[in-house]
file start20.tsv (TSV, C-alpha atoms)
chain	number	residue	atom	x	y	z
X	1135	MET	CA	0.00	0.00	0.00
X	1136	LYS	CA	1.32	3.39	-0.95
X	1137	ALA	CA	1.95	5.95	1.77
X	1138	SER	CA	-0.54	8.78	1.70
X	1139	THR	CA	-0.64	12.11	3.52
X	1140	LEU	CA	-3.81	12.98	5.44
X	1141	VAL	CA	-4.33	16.37	7.07
X	1142	LEU	CA	-6.79	17.10	9.88
X	1143	MET	CA	-8.61	20.42	9.44
X	1144	ILE	CA	-10.47	22.13	12.30
X	1145	CYS	CA	-13.82	23.17	10.86
X	1146	LEU	CA	-16.48	22.60	13.51
X	1147	GLY	CA	-17.66	24.84	16.34
X	1148	ALA	CA	-18.19	24.06	19.99
X	1149	ALA	CA	-21.84	23.20	19.30
X	1150	ALA	CA	-20.64	19.95	17.75
X	1151	CYS	CA	-19.68	18.64	21.19
X	1152	SER	CA	-23.15	18.20	22.69
X	1153	GLN	CA	-24.87	14.91	23.63
X	1154	ARG	CA	-21.75	13.71	25.46
X	1155	GLN	CA	-21.76	10.35	27.26
X	1156	ASP	CA	-19.96	10.30	30.60
X	1157	LEU	CA	-17.17	7.95	31.63
X	1158	THR	CA	-16.82	6.67	35.17
X	1159	ASP	CA	-13.30	8.11	35.23
X	1160	PRO	CA	-12.55	11.62	33.89
X	1161	PRO	CA	-10.51	11.68	30.65
X	1162	THR	CA	-6.91	12.71	30.54
X	1163	VAL	CA	-5.89	15.43	28.11
X	1164	ILE	CA	-2.82	14.16	26.28
X	1165	THR	CA	-0.11	16.75	25.80
X	1166	ASP	CA	2.63	14.24	24.87
X	1167	PRO	CA	2.23	11.02	22.88
X	1168	VAL	CA	4.07	8.32	24.82
X	1169	GLY	CA	6.17	5.47	23.48
X	1170	ASP	CA	5.50	3.89	20.11
X	1171	THR	CA	1.71	3.77	20.34
X	1172	LEU	CA	-1.00	6.42	20.26
X	1173	PRO	CA	-2.23	7.02	23.85
X	1174	SER	CA	-5.28	4.99	24.83
X	1175	GLN	CA	-7.48	4.54	27.87
X	1176	THR	CA	-9.80	1.91	29.36
X	1177	CYS	CA	-13.37	2.85	28.57
X	1178	ASN	CA	-15.35	2.12	31.77
X	1179	VAL	CA	-18.51	3.56	30.18
X	1180	ALA	CA	-20.99	4.48	32.90
X	1181	PRO	CA	-24.32	2.58	32.85
X	1182	PRO	CA	-27.22	4.59	31.45
X	1183	VAL	CA	-29.28	6.58	33.93
X	1184	ASP	CA	-32.80	5.23	34.40
X	1185	ALA	CA	-35.05	7.99	33.06
X	1186	GLY	CA	-38.23	6.22	34.15
X	1187	SER	CA	-41.09	5.24	31.87
X	1188	PRO	CA	-40.88	6.63	28.32
X	1189	PRO	CA	-43.57	9.02	27.11
X	1190	PRO	CA	-46.68	7.46	25.55
X	1191	ILE	CA	-46.55	6.34	21.93
X	1192	VAL	CA	-48.61	8.56	19.65
X	1193	ALA	CA	-47.74	7.00	16.28
X	1194	VAL	CA	-45.93	4.02	14.77
X	1195	TRP	CA	-44.81	4.12	11.15
X	1196	ASP	CA	-43.63	1.06	9.19
X	1197	GLY	CA	-42.42	0.84	5.63
X	1198	TYR	CA	-39.30	0.83	3.50
X	1199	MET	CA	-36.49	3.00	2.21
X	1200	GLU	CA	-35.71	3.15	-1.50
X	1201	GLN	CA	-32.12	2.29	-0.67
X	1202	SER	CA	-31.05	-1.01	0.90
X	1203	PHE	CA	-28.13	-2.41	2.87
X	1204	ARG	CA	-25.60	-3.85	0.46
X	1205	ALA	CA	-24.66	-6.85	2.64
X	1206	THR	CA	-28.22	-8.05	3.37
X	1207	GLY	CA	-30.57	-6.35	0.90
X	1208	ASP	CA	-32.76	-5.26	3.83
X	1209	ASP	CA	-34.75	-2.03	3.35
X	1210	GLN	CA	-37.42	-2.00	6.07
X	1211	VAL	CA	-37.95	1.00	8.37
X	1212	HIS	CA	-39.68	1.20	11.77
X	1213	VAL	CA	-40.35	4.62	13.37
X	1214	VAL	CA	-41.96	5.16	16.80
X	1215	VAL	CA	-43.10	8.67	17.79
X	1216	ARG	CA	-43.78	9.58	21.43
X	1217	SER	CA	-45.20	12.69	23.09
X	1218	SER	CA	-44.63	14.05	26.60
X	1219	ASP	CA	-47.34	15.64	28.75
X	1220	THR	CA	-46.24	19.02	27.38
X	1221	GLY	CA	-46.53	17.90	23.76
X	1222	GLN	CA	-42.76	17.54	23.21
X	1223	LEU	CA	-42.20	14.91	20.51
X	1224	SER	CA	-39.42	12.33	20.50
X	1225	ALA	CA	-38.87	9.39	18.20
X	1226	THR	CA	-36.75	6.35	17.47
X	1227	ALA	CA	-36.05	4.64	14.15
X	1228	VAL	CA	-34.62	1.27	13.14
X	1229	PHE	CA	-33.45	0.67	9.58
X	1230	GLY	CA	-33.24	-2.95	8.45
X	1231	VAL	CA	-33.58	-5.86	10.87
X	1232	ALA	CA	-33.51	-4.85	14.56
X	1233	ALA	CA	-30.32	-5.91	16.37
X	1234	PRO	CA	-28.78	-5.60	19.86
X	1235	PRO	CA	-26.91	-2.33	20.49
X	1236	PRO	CA	-23.16	-2.31	19.75
X	1237	PRO	CA	-21.12	-3.73	22.65
X	1238	PRO	CA	-19.31	-1.15	24.81
X	1239	PRO	CA	-15.68	-0.74	23.69
X	1240	GLU	CA	-12.96	-1.97	26.02
X	1241	THR	CA	-10.33	0.66	25.16
X	1242	SER	CA	-9.80	3.60	22.81
X	1243	GLU	CA	-8.25	1.08	20.39
X	1244	SER	CA	-11.27	-1.27	20.24
X	1245	CYS	CA	-12.67	-2.09	16.80
X	1246	ASP	CA	-16.28	-2.94	17.59
X	1247	PRO	CA	-18.69	-3.40	14.63
X	1248	ALA	CA	-20.48	-0.08	15.00
X	1249	ASP	CA	-19.55	1.84	11.84
X	1250	PRO	CA	-22.40	3.22	9.72
X	1251	VAL	CA	-22.15	1.98	6.13
X	1252	ASN	CA	-23.29	3.44	2.82
X	1253	THR	CA	-26.56	1.99	1.55
X	1254	THR	CA	-27.24	1.53	-2.15
X	1255	ALA	CA	-28.40	4.59	-4.06
X	1256	THR	CA	-31.30	4.88	-6.52
X	1257	PRO	CA	-31.97	7.41	-9.31
X	1258	SER	CA	-34.31	9.32	-6.97
X	1259	ALA	CA	-32.61	8.77	-3.59
X	1260	GLY	CA	-28.96	9.11	-2.70
X	1261	SER	CA	-27.02	6.73	-0.48
X	1262	LEU	CA	-27.46	6.97	3.31
X	1263	GLN	CA	-24.92	6.24	6.08
X	1264	LEU	CA	-26.64	3.86	8.50
X	1265	LEU	CA	-25.94	1.04	10.93
X	1266	GLU	CA	-28.45	-1.72	10.28
X	1267	GLY	CA	-30.58	-2.70	13.26
X	1268	PHE	CA	-29.47	0.17	15.50
X	1269	GLU	CA	-32.20	2.10	17.32
X	1270	TYR	CA	-31.52	5.75	16.55
X	1271	GLN	CA	-32.73	8.51	18.84
X	1272	LEU	CA	-34.05	11.01	16.29
X	1273	THR	CA	-33.81	14.78	16.65
X	1274	ALA	CA	-35.89	17.75	15.42
X	1275	VAL	CA	-39.03	15.59	15.34
X	1276	ALA	CA	-42.18	17.26	13.98
X	1277	MET	CA	-45.45	15.58	12.98
X	1278	SER	CA	-48.75	16.92	11.73
X	1279	ASP	CA	-51.64	15.75	9.56
X	1280	VAL	CA	-49.68	16.69	6.44
X	1281	ARG	CA	-45.99	16.33	7.34
X	1282	LEU	CA	-43.49	14.14	9.21
X	1283	GLN	CA	-39.96	15.47	9.78
X	1284	PHE	CA	-36.92	14.23	11.69
X	1285	ASN	CA	-33.13	14.19	11.64
X	1286	LEU	CA	-30.97	11.10	12.07
X	1287	PRO	CA	-27.49	11.64	13.62
X	1288	THR	CA	-25.07	9.64	11.46
X	1289	TYR	CA	-22.48	8.83	14.13
X	1290	GLN	CA	-24.84	8.10	17.04
X	1291	PRO	CA	-23.93	4.36	16.97
X	1292	LEU	CA	-20.38	5.43	17.89
X	1293	ALA	CA	-21.45	7.39	21.01
X	1294	ASN	CA	-19.80	5.00	23.50
X	1295	TRP	CA	-16.69	4.62	21.36
X	1296	CYS	CA	-16.23	8.38	20.97
X	1297	ALA	CA	-16.75	8.88	24.72
X	1298	CYS	CA	-13.76	6.59	25.27
X	1299	GLN	CA	-11.40	8.54	23.01
X	1300	VAL	CA	-8.50	10.56	24.41
X	1301	PRO	CA	-8.55	14.37	24.03
X	1302	PHE	CA	-5.38	15.90	22.60
X	1303	GLU	CA	-4.09	19.37	23.34
X	1304	ASP	CA	-5.31	22.02	20.88
X	1305	SER	CA	-7.34	19.49	18.85
X	1306	MET	CA	-11.09	19.26	18.29
X	1307	PHE	CA	-10.68	15.71	17.00
X	1308	CYS	CA	-9.53	12.44	18.58
X	1309	LEU	CA	-6.10	12.74	16.92
X	1310	PRO	CA	-3.44	15.42	17.29
X	1311	ASN	CA	-4.17	18.47	15.13
X	1312	THR	CA	-1.39	17.95	12.59
X	1313	SER	CA	-0.57	16.19	9.34
X	1314	LEU	CA	-0.53	12.39	9.43
X	1315	THR	CA	1.34	10.26	6.94
X	1316	GLU	CA	-0.02	6.72	6.93
X	1317	GLN	CA	2.48	3.92	6.40
X	1318	SER	CA	1.66	0.39	5.28
X	1319	PRO	CA	-0.77	-1.31	7.72
X	1320	SER	CA	0.56	-4.25	9.71
X	1321	ASP	CA	-1.15	-7.25	11.37
X	1322	GLY	CA	-3.39	-7.85	8.36
X	1323	GLY	CA	-4.74	-4.34	8.46
X	1324	SER	CA	-5.85	-4.26	12.12
X	1325	SER	CA	-2.88	-2.10	13.16
X	1326	CYS	CA	-1.78	1.03	11.34
X	1327	THR	CA	1.44	3.02	11.58
X	1328	VAL	CA	1.34	6.80	11.13
X	1329	THR	CA	3.88	9.58	11.28
X	1330	LEU	CA	2.60	12.63	13.13
X	1331	GLY	CA	3.90	15.98	12.01
X	1332	ALA	CA	5.16	18.45	14.59
X	1333	TRP	CA	2.27	19.78	16.70
X	1334	SER	CA	1.90	22.16	19.65
X	1335	GLY	CA	5.65	22.32	20.15
X	1336	HIS	CA	6.12	18.54	19.86
X	1337	ALA	CA	8.51	16.99	17.38
X	1338	ALA	CA	7.31	14.71	14.58
X	1339	GLU	CA	7.17	11.03	15.53
X	1340	THR	CA	5.88	7.68	14.29
X	1341	VAL	CA	3.24	5.82	16.34
X	1342	ASN	CA	0.99	2.77	16.02
X	1343	THR	CA	-2.78	2.65	16.50
X	1344	SER	CA	-5.72	0.50	15.42
X	1345	CYS	CA	-6.81	1.15	11.84
X	1346	CYS	CA	-10.45	1.57	12.85
X	1347	ARG	CA	-9.47	4.27	15.36
X	1348	LEU	CA	-7.48	6.08	12.70
X	1349	ASN	CA	-10.28	5.89	10.12
X	1350	ARG	CA	-13.02	6.99	12.52
X	1351	CYS	CA	-11.04	9.92	13.88
X	1352	LEU	CA	-9.94	11.04	10.41
X	1353	GLY	CA	-13.57	10.80	9.29
X	1354	SER	CA	-14.64	13.29	12.02
X	1355	ALA	CA	-16.90	10.74	13.74
X	1356	CYS	CA	-15.96	12.30	17.11
X	1357	THR	CA	-15.33	15.81	18.38
X	1358	CYS	CA	-13.32	16.62	21.51
X	1359	THR	CA	-12.81	19.32	24.11
X	1360	PRO	CA	-10.35	19.26	27.04
X	1361	SER	CA	-13.11	17.64	29.14
X	1362	GLY	CA	-13.66	14.69	26.81
X	1363	CYS	CA	-14.94	13.47	23.44
X	1364	SER	CA	-18.40	12.77	22.04
X	1365	TYR	CA	-19.88	11.65	18.74
X	1366	ASN	CA	-20.17	14.38	16.13
X	1367	ASP	CA	-23.87	15.28	16.03
X	1368	GLN	CA	-23.42	17.79	13.21
X	1369	PHE	CA	-23.49	14.99	10.59
X	1370	LEU	CA	-27.18	14.28	9.89
X	1371	SER	CA	-29.57	12.66	7.47
X	1372	GLN	CA	-32.65	14.88	7.23
X	1373	PHE	CA	-36.06	13.42	6.34
X	1374	ASP	CA	-39.14	15.41	5.28
X	1375	LEU	CA	-42.17	13.26	4.41
X	1376	SER	CA	-45.54	14.32	3.06
X	1377	VAL	CA	-48.42	12.76	5.01
X	1378	ASN	CA	-51.66	11.79	3.26
X	1379	GLY	CA	-53.97	9.94	5.63
X	1380	THR	CA	-52.03	6.91	6.88
X	1381	HIS	CA	-49.25	7.25	4.27
X	1382	ALA	CA	-46.04	9.25	4.64
X	1383	ASP	CA	-43.81	9.55	1.58
X	1384	GLY	CA	-40.54	11.27	0.75
X	1385	THR	CA	-37.74	10.87	-1.76
X	1386	ALA	CA	-36.08	8.19	0.41
X	1387	LEU	CA	-38.78	6.74	2.70
X	1388	HIS	CA	-42.28	5.36	2.21
X	1389	LEU	CA	-44.17	4.67	5.45
X	1390	ILE	CA	-47.65	3.59	6.57
X	1391	ARG	CA	-49.03	4.50	9.98
X	1392	THR	CA	-49.70	1.22	11.78
X	1393	GLN	CA	-50.64	2.68	15.15
call {"tool": "encode", "arguments": {"input": "start20.tsv", "output": "structure tokens"}}
result
Amino acid sequence: MKASTLVLMICLGAAACSQRQDLTDPPTVITDPVGDTLPSQTCNVAPPVDAGSPPPIVAVWDGYMEQSFRATGDDQVHVVVRSSDTGQLSATAVFGVAAPPPPPPETSESCDPADPVNTTATPSAGSLQLLEGFEYQLTAVAMSDVRLQFNLPTYQPLANWCACQVPFEDSMFCLPNTSLTEQSPSDGGSSCTVTLGAWSGHAAETVNTSCCRLNRCLGSACTCTPSGCSYNDQFLSQFDLSVNGTHADGTALHLIRTQ
């Protein structure tokens, strides 16, 4: 494999660091890479807080997307809309066959199977980045007699993994804010070697890390502050469906209200 140069560019504001998941131990801000490997930490993801009973269900929509998952051919969609006592809407969505949530990562280097993948595209609907079977917590939910709208955060399946990443000094990403030259992967592609350019007064050096960690961090799946990292909620798929009776249709989704 040919060496290639990849440069991290800071382009997101502080608003990208919301919806953080807490760790049982506070993260350590890395100011010096140590040894021959990129610094890592044990995840120790805190158990979710019991929020009590969910709000009542006000609508269930079932149907299909025009795209499908390349590996399985699945295209089904299941959306559940809930409403609080104050009328605040929330919703979840599962694309494809429902599956257990991704396992919590053990360390910052873990390569759990939680990466969203590109679905097939059609002439009328572009490809989507989705993790099949994952229950997404949708945002910006709005529903009326004529319209159904919601946003789907692309990197939400990586919430626990991003929460386990190590913040670096002067970087909004889970890698040092500098150029990275990737060398040939070792260990059959599970381990990657990169040369970090000089950054924040530190000399250039070569370190090892897992290839999935490198790819996710280079792809801006996570954003970081000195207090920790979270999944990047600024990457979204936006859906706007026209409702006619029990049918809701858009360029990508076709749903029928089943409850």
call {"tool": "residues_around", "arguments": {"input": "start20.tsv", "residues": "stretch 1271-1285 of chain X", "least_positions_apart": "6", "cutoff": "6 Å", "atoms": "only C-alpha atoms", "output": "list in words"}}
result
Ala1225, Thr1226, Ser1371, Gln1372, Phe1373, Asp1374, Leu1375, Ser1376 and Val1377 of chain X
call {"tool": "residues_near_point", "arguments": {"input": "start20.tsv", "point": "(-8.4, 20.7, 24.3)", "cutoff": "10 Å", "atoms": "all atoms listed in the file", "output": "list in words"}}
result
Val1163, Ile1164, Thr1165, Pro1301, Phe1302, Glu1303, Asp1304, Ser1305, Met1306, Phe1307, Cys1358, Thr1359, Pro1360, Ser1361, Gly1362 and Cys1363 of chain X
call {"tool": "residues_around", "arguments": {"input": "start20.tsv", "residues": "X:Cys1298", "least_positions_apart": "3", "cutoff": "6 Å", "atoms": "only C-alpha atoms", "output": "JSON, numbers by chain"}}
result
{"X": [1177, 1242, 1295]}
call {"tool": "atom_distance", "arguments": {"input": "start20.tsv", "atom1": "atom CA of X:Ala1233", "atom2": "atom CA of X:Tyr1198"}}
result
17.1 Å
call {"tool": "atom_distance", "arguments": {"input": "start20.tsv", "atom1": "atom CA of X:Leu1389", "atom2": "atom CA of X:Arg1204"}}
result
21.0 Å
call {"tool": "closest_residue", "arguments": {"input": "start20.tsv", "among": "X:Thr1327, X:Thr1357, X:Thr1288, X:Gln1210", "to": "X:Phe1229", "atoms": "only C-alpha atoms"}}
result
X:Gln1210
call {"tool": "atom_distance", "arguments": {"input": "start20.tsv", "atom1": "atom CA of X:Ala1386", "atom2": "atom CA of X:Pro1235"}}
result
24.5 Å
call {"tool": "build_atoms", "arguments": {"input": "start20.tsv", "residues": "stretch 1240-1271 of chain X", "atoms": "N, CA and C atoms", "output": "mmCIF file, keeping the file's coordinate frame"}}
result
data_model
loop_
_atom_site.group_PDB
_atom_site.id
_atom_site.type_symbol
_atom_site.label_atom_id
_atom_site.label_comp_id
_atom_site.auth_asym_id
_atom_site.auth_seq_id
_atom_site.Cartn_x
_atom_site.Cartn_y
_atom_site.Cartn_z
ATOM 1 N N GLU X 1240 -13.804 -1.727 24.858
ATOM 2 C CA GLU X 1240 -12.960 -1.970 26.020
ATOM 3 C C GLU X 1240 -11.921 -0.867 26.211
ATOM 4 N N THR X 1241 -11.339 -0.397 25.108
ATOM 5 C CA THR X 1241 -10.330 0.660 25.160
ATOM 6 C C THR X 1241 -10.537 1.593 23.981
ATOM 7 N N SER X 1242 -9.755 2.661 23.939
ATOM 8 C CA SER X 1242 -9.800 3.600 22.810
ATOM 9 C C SER X 1242 -9.420 2.923 21.500
ATOM 10 N N GLU X 1243 -8.721 1.789 21.587
ATOM 11 C CA GLU X 1243 -8.250 1.080 20.390
ATOM 12 C C GLU X 1243 -9.252 0.057 19.877
ATOM 13 N N SER X 1244 -10.340 -0.197 20.603
ATOM 14 C CA SER X 1244 -11.270 -1.270 20.240
ATOM 15 C C SER X 1244 -11.877 -1.053 18.868
ATOM 16 N N CYS X 1245 -12.067 -2.140 18.137
ATOM 17 C CA CYS X 1245 -12.670 -2.090 16.800
ATOM 18 C C CYS X 1245 -13.995 -2.831 16.819
ATOM 19 N N ASP X 1246 -14.971 -2.320 17.549
ATOM 20 C CA ASP X 1246 -16.280 -2.940 17.590
ATOM 21 C C ASP X 1246 -17.030 -2.692 16.282
ATOM 22 N N PRO X 1247 -17.976 -3.552 15.910
ATOM 23 C CA PRO X 1247 -18.690 -3.400 14.630
ATOM 24 C C PRO X 1247 -19.810 -2.378 14.704
ATOM 25 N N ALA X 1248 -19.459 -1.113 14.816
ATOM 26 C CA ALA X 1248 -20.480 -0.080 15.000
ATOM 27 C C ALA X 1248 -20.406 1.019 13.944
ATOM 28 N N ASP X 1249 -19.694 0.792 12.854
ATOM 29 C CA ASP X 1249 -19.550 1.840 11.840
ATOM 30 C C ASP X 1249 -20.764 1.909 10.925
ATOM 31 N N PRO X 1250 -21.369 3.083 10.750
ATOM 32 C CA PRO X 1250 -22.400 3.220 9.720
ATOM 33 C C PRO X 1250 -21.798 2.915 8.349
ATOM 34 N N VAL X 1251 -22.612 2.320 7.472
ATOM 35 C CA VAL X 1251 -22.150 1.980 6.130
ATOM 36 C C VAL X 1251 -23.031 2.688 5.102
ATOM 37 N N ASN X 1252 -22.530 2.815 3.886
ATOM 38 C CA ASN X 1252 -23.290 3.440 2.820
ATOM 39 C C ASN X 1252 -24.291 2.430 2.242
ATOM 40 N N THR X 1253 -25.557 2.826 2.191
ATOM 41 C CA THR X 1253 -26.560 1.990 1.550
ATOM 42 C C THR X 1253 -26.444 2.164 0.031
ATOM 43 N N THR X 1254 -27.176 1.344 -0.713
ATOM 44 C CA THR X 1254 -27.240 1.530 -2.150
ATOM 45 C C THR X 1254 -27.962 2.832 -2.464
ATOM 46 N N ALA X 1255 -27.708 3.382 -3.612
ATOM 47 C CA ALA X 1255 -28.400 4.590 -4.060
ATOM 48 C C ALA X 1255 -29.355 4.227 -5.200
ATOM 49 N N THR X 1256 -30.368 5.056 -5.402
ATOM 50 C CA THR X 1256 -31.300 4.880 -6.520
ATOM 51 C C THR X 1256 -31.317 6.173 -7.327
ATOM 52 N N PRO X 1257 -31.911 6.169 -8.523
ATOM 53 C CA PRO X 1257 -31.970 7.410 -9.310
ATOM 54 C C PRO X 1257 -32.647 8.565 -8.596
ATOM 55 N N SER X 1258 -33.567 8.257 -7.656
ATOM 56 C CA SER X 1258 -34.310 9.320 -6.970
ATOM 57 C C SER X 1258 -33.856 9.543 -5.530
ATOM 58 N N ALA X 1259 -33.015 8.654 -4.991
ATOM 59 C CA ALA X 1259 -32.610 8.770 -3.590
ATOM 60 C C ALA X 1259 -31.148 8.416 -3.438
ATOM 61 N N GLY X 1260 -30.374 9.345 -2.876
ATOM 62 C CA GLY X 1260 -28.960 9.110 -2.700
ATOM 63 C C GLY X 1260 -28.676 8.121 -1.583
ATOM 64 N N SER X 1261 -27.430 7.672 -1.504
ATOM 65 C CA SER X 1261 -27.020 6.730 -0.480
ATOM 66 C C SER X 1261 -27.102 7.365 0.912
ATOM 67 N N LEU X 1262 -27.412 6.541 1.919
ATOM 68 C CA LEU X 1262 -27.460 6.970 3.310
ATOM 69 C C LEU X 1262 -26.351 6.263 4.086
ATOM 70 N N GLN X 1263 -25.877 6.878 5.170
ATOM 71 C CA GLN X 1263 -24.920 6.240 6.080
ATOM 72 C C GLN X 1263 -25.687 5.767 7.298
ATOM 73 N N LEU X 1264 -25.819 4.430 7.453
ATOM 74 C CA LEU X 1264 -26.640 3.860 8.500
ATOM 75 C C LEU X 1264 -25.978 2.621 9.081
ATOM 76 N N LEU X 1265 -26.299 2.310 10.331
ATOM 77 C CA LEU X 1265 -25.940 1.040 10.930
ATOM 78 C C LEU X 1265 -27.206 0.209 11.013
ATOM 79 N N GLU X 1266 -27.232 -0.917 10.307
ATOM 80 C CA GLU X 1266 -28.450 -1.720 10.280
ATOM 81 C C GLU X 1266 -28.792 -2.252 11.666
ATOM 82 N N GLY X 1267 -30.073 -2.149 12.013
ATOM 83 C CA GLY X 1267 -30.580 -2.700 13.260
ATOM 84 C C GLY X 1267 -30.454 -1.805 14.462
ATOM 85 N N PHE X 1268 -29.688 -0.724 14.361
ATOM 86 C CA PHE X 1268 -29.470 0.170 15.500
ATOM 87 C C PHE X 1268 -30.706 1.035 15.731
ATOM 88 N N GLU X 1269 -31.064 1.231 17.001
ATOM 89 C CA GLU X 1269 -32.200 2.100 17.320
ATOM 90 C C GLU X 1269 -31.708 3.528 17.514
ATOM 91 N N TYR X 1270 -31.938 4.352 16.509
ATOM 92 C CA TYR X 1270 -31.520 5.750 16.550
ATOM 93 C C TYR X 1270 -32.486 6.576 17.373
ATOM 94 N N GLN X 1271 -31.936 7.489 18.158
ATOM 95 C CA GLN X 1271 -32.730 8.510 18.840
ATOM 96 C C GLN X 1271 -32.776 9.715 17.901
#
